[in-house]
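Remarks on the structure that follows.
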Amino acid sequence: MPICGKWERLIMWAEKEGNSAKALEFKEKLVECIVYTAYEKVRKKRLEEAEEFVKYGREVAKKFAIEELGFHLSLIEREVARIRERRKAAAQTR
């Protein structure tokens, strides 16, 4: 995802330079970017885009070993599922 890609590049740069403090700072920023962007997609009911961000987030979490991100992504997935259930129920009552 190009929106958060700059944080990935900065993490790799910091790790290459051996600056673990900066790498950690950039990882936090990457988590914020992914989570806030995904929640914004959910808020705007753009569920497919939110799901793509979740998928991207899972890849990033694995790539950089960011366990915290998985927790946030699970919450987003639950919210997407709830919205889909509400839409399905509303469609059945029509």
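Just so we're on the same page: first chain in the structure tokens is A, next is B, and so on; residues restart at 1 for each chain, and ligands are numbered from 1 in the order they show up.
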Exercise. What's the 9 Å shell around stretch 45-49 of chain A, counting only C-alpha atoms, without same-chain residues fewer than 5 positions away, as a PyMOL selection string?
Worked result: chain A and resi 38+40+54+80+83-84
For this session: Show which residues sit within 12 Å of A:Leu75, as a PyMOL selection string. Count only C-alpha atoms, and ignore same-chain residues fewer than 2 positions away.
Result: chain A and resi 35+38-39+42+50-51+54+68-73+77-82
Residue subset to file, keeping N, CA, C and O atoms, as a PDB file, in the first residue's frame:
```pdb
ATOM      1  N   VAL A  35      -3.594   0.945  10.828  1.00  0.00           N
ATOM      2  CA  VAL A  35      -4.810   0.845  11.640  1.00  0.00           C
ATOM      3  C   VAL A  35      -5.747   2.024  11.386  1.00  0.00           C
ATOM      4  O   VAL A  35      -6.942   1.830  11.149  1.00  0.00           O
ATOM      5  N   ALA A  38      -7.258   1.789   7.852  1.00  0.00           N
ATOM      6  CA  ALA A  38      -8.260   0.723   7.759  1.00  0.00           C
ATOM      7  C   ALA A  38      -9.548   1.127   8.470  1.00  0.00           C
ATOM      8  O   ALA A  38     -10.652   0.915   7.949  1.00  0.00           O
ATOM      9  N   TYR A  39      -9.428   1.727   9.661  1.00  0.00           N
ATOM     10  CA  TYR A  39     -10.628   2.184  10.372  1.00  0.00           C
ATOM     11  C   TYR A  39     -11.364   3.262   9.588  1.00  0.00           C
ATOM     12  O   TYR A  39     -12.595   3.314   9.594  1.00  0.00           O
ATOM     13  N   VAL A  42     -13.421   1.551   7.038  1.00  0.00           N
ATOM     14  CA  VAL A  42     -14.596   0.946   7.663  1.00  0.00           C
ATOM     15  C   VAL A  42     -15.631   2.028   7.963  1.00  0.00           C
ATOM     16  O   VAL A  42     -16.823   1.850   7.704  1.00  0.00           O
ATOM     17  N   ALA A  50     -11.036  -1.829   3.170  1.00  0.00           N
ATOM     18  CA  ALA A  50     -10.607  -2.117   4.538  1.00  0.00           C
ATOM     19  C   ALA A  50     -10.033  -3.520   4.626  1.00  0.00           C
ATOM     20  O   ALA A  50      -8.995  -3.742   5.269  1.00  0.00           O
ATOM     21  N   GLU A  51     -10.684  -4.469   3.964  1.00  0.00           N
ATOM     22  CA  GLU A  51     -10.186  -5.844   3.980  1.00  0.00           C
ATOM     23  C   GLU A  51      -8.829  -5.962   3.290  1.00  0.00           C
ATOM     24  O   GLU A  51      -7.974  -6.728   3.726  1.00  0.00           O
ATOM     25  N   VAL A  54      -6.340  -4.806   5.746  1.00  0.00           N
ATOM     26  CA  VAL A  54      -6.116  -5.839   6.759  1.00  0.00           C
ATOM     27  C   VAL A  54      -5.148  -6.887   6.218  1.00  0.00           C
ATOM     28  O   VAL A  54      -4.207  -7.299   6.911  1.00  0.00           O
ATOM     29  N   GLU A  68       1.637  -6.667  17.844  1.00  0.00           N
ATOM     30  CA  GLU A  68       0.575  -5.728  18.226  1.00  0.00           C
ATOM     31  C   GLU A  68      -0.382  -5.456  17.067  1.00  0.00           C
ATOM     32  O   GLU A  68      -1.584  -5.293  17.265  1.00  0.00           O
ATOM     33  N   LEU A  69       0.133  -5.428  15.873  1.00  0.00           N
ATOM     34  CA  LEU A  69      -0.679  -5.117  14.701  1.00  0.00           C
ATOM     35  C   LEU A  69      -1.757  -6.165  14.484  1.00  0.00           C
ATOM     36  O   LEU A  69      -2.883  -5.836  14.110  1.00  0.00           O
ATOM     37  N   GLY A  70      -1.452  -7.416  14.734  1.00  0.00           N
ATOM     38  CA  GLY A  70      -2.431  -8.489  14.576  1.00  0.00           C
ATOM     39  C   GLY A  70      -3.675  -8.278  15.420  1.00  0.00           C
ATOM     40  O   GLY A  70      -4.800  -8.543  14.980  1.00  0.00           O
ATOM     41  N   PHE A  71      -3.493  -7.797  16.646  1.00  0.00           N
ATOM     42  CA  PHE A  71      -4.621  -7.527  17.535  1.00  0.00           C
ATOM     43  C   PHE A  71      -5.552  -6.480  16.929  1.00  0.00           C
ATOM     44  O   PHE A  71      -6.766  -6.670  16.858  1.00  0.00           O
ATOM     45  N   HIS A  72      -4.984  -5.389  16.473  1.00  0.00           N
ATOM     46  CA  HIS A  72      -5.781  -4.317  15.881  1.00  0.00           C
ATOM     47  C   HIS A  72      -6.493  -4.776  14.613  1.00  0.00           C
ATOM     48  O   HIS A  72      -7.649  -4.422  14.378  1.00  0.00           O
ATOM     49  N   LEU A  73      -5.808  -5.575  13.817  1.00  0.00           N
ATOM     50  CA  LEU A  73      -6.405  -6.067  12.579  1.00  0.00           C
ATOM     51  C   LEU A  73      -7.582  -6.998  12.867  1.00  0.00           C
ATOM     52  O   LEU A  73      -8.579  -6.982  12.147  1.00  0.00           O
ATOM     53  N   GLU A  77     -11.390  -6.602  11.496  1.00  0.00           N
ATOM     54  CA  GLU A  77     -12.095  -7.696  10.821  1.00  0.00           C
ATOM     55  C   GLU A  77     -13.449  -7.953  11.467  1.00  0.00           C
ATOM     56  O   GLU A  77     -14.438  -8.189  10.770  1.00  0.00           O
ATOM     57  N   ARG A  78     -13.499  -7.907  12.776  1.00  0.00           N
ATOM     58  CA  ARG A  78     -14.780  -8.101  13.471  1.00  0.00           C
ATOM     59  C   ARG A  78     -15.781  -7.012  13.106  1.00  0.00           C
ATOM     60  O   ARG A  78     -16.963  -7.284  12.920  1.00  0.00           O
ATOM     61  N   GLU A  79     -15.306  -5.786  13.031  1.00  0.00           N
ATOM     62  CA  GLU A  79     -16.199  -4.675  12.680  1.00  0.00           C
ATOM     63  C   GLU A  79     -16.714  -4.838  11.256  1.00  0.00           C
ATOM     64  O   GLU A  79     -17.892  -4.600  10.983  1.00  0.00           O
ATOM     65  N   VAL A  80     -15.861  -5.231  10.333  1.00  0.00           N
ATOM     66  CA  VAL A  80     -16.277  -5.466   8.947  1.00  0.00           C
ATOM     67  C   VAL A  80     -17.331  -6.569   8.919  1.00  0.00           C
ATOM     68  O   VAL A  80     -18.359  -6.448   8.232  1.00  0.00           O
ATOM     69  N   ALA A  81     -17.110  -7.639   9.672  1.00  0.00           N
ATOM     70  CA  ALA A  81     -18.069  -8.750   9.719  1.00  0.00           C
ATOM     71  C   ALA A  81     -19.415  -8.290  10.268  1.00  0.00           C
ATOM     72  O   ALA A  81     -20.476  -8.682   9.764  1.00  0.00           O
ATOM     73  N   ARG A  82     -19.381  -7.456  11.303  1.00  0.00           N
ATOM     74  CA  ARG A  82     -20.635  -6.924  11.878  1.00  0.00           C
ATOM     75  C   ARG A  82     -21.407  -6.102  10.855  1.00  0.00           C
ATOM     76  O   ARG A  82     -22.629  -6.221  10.733  1.00  0.00           O
TER      77      ARG A  82
END
```
For this session: Would you mind telling me which residue in A:Ala65, A:Lys55, A:Val60, A:Arg87 lies nearest to A:Arg9 when using only C-alpha atoms?
Result: A:Val60
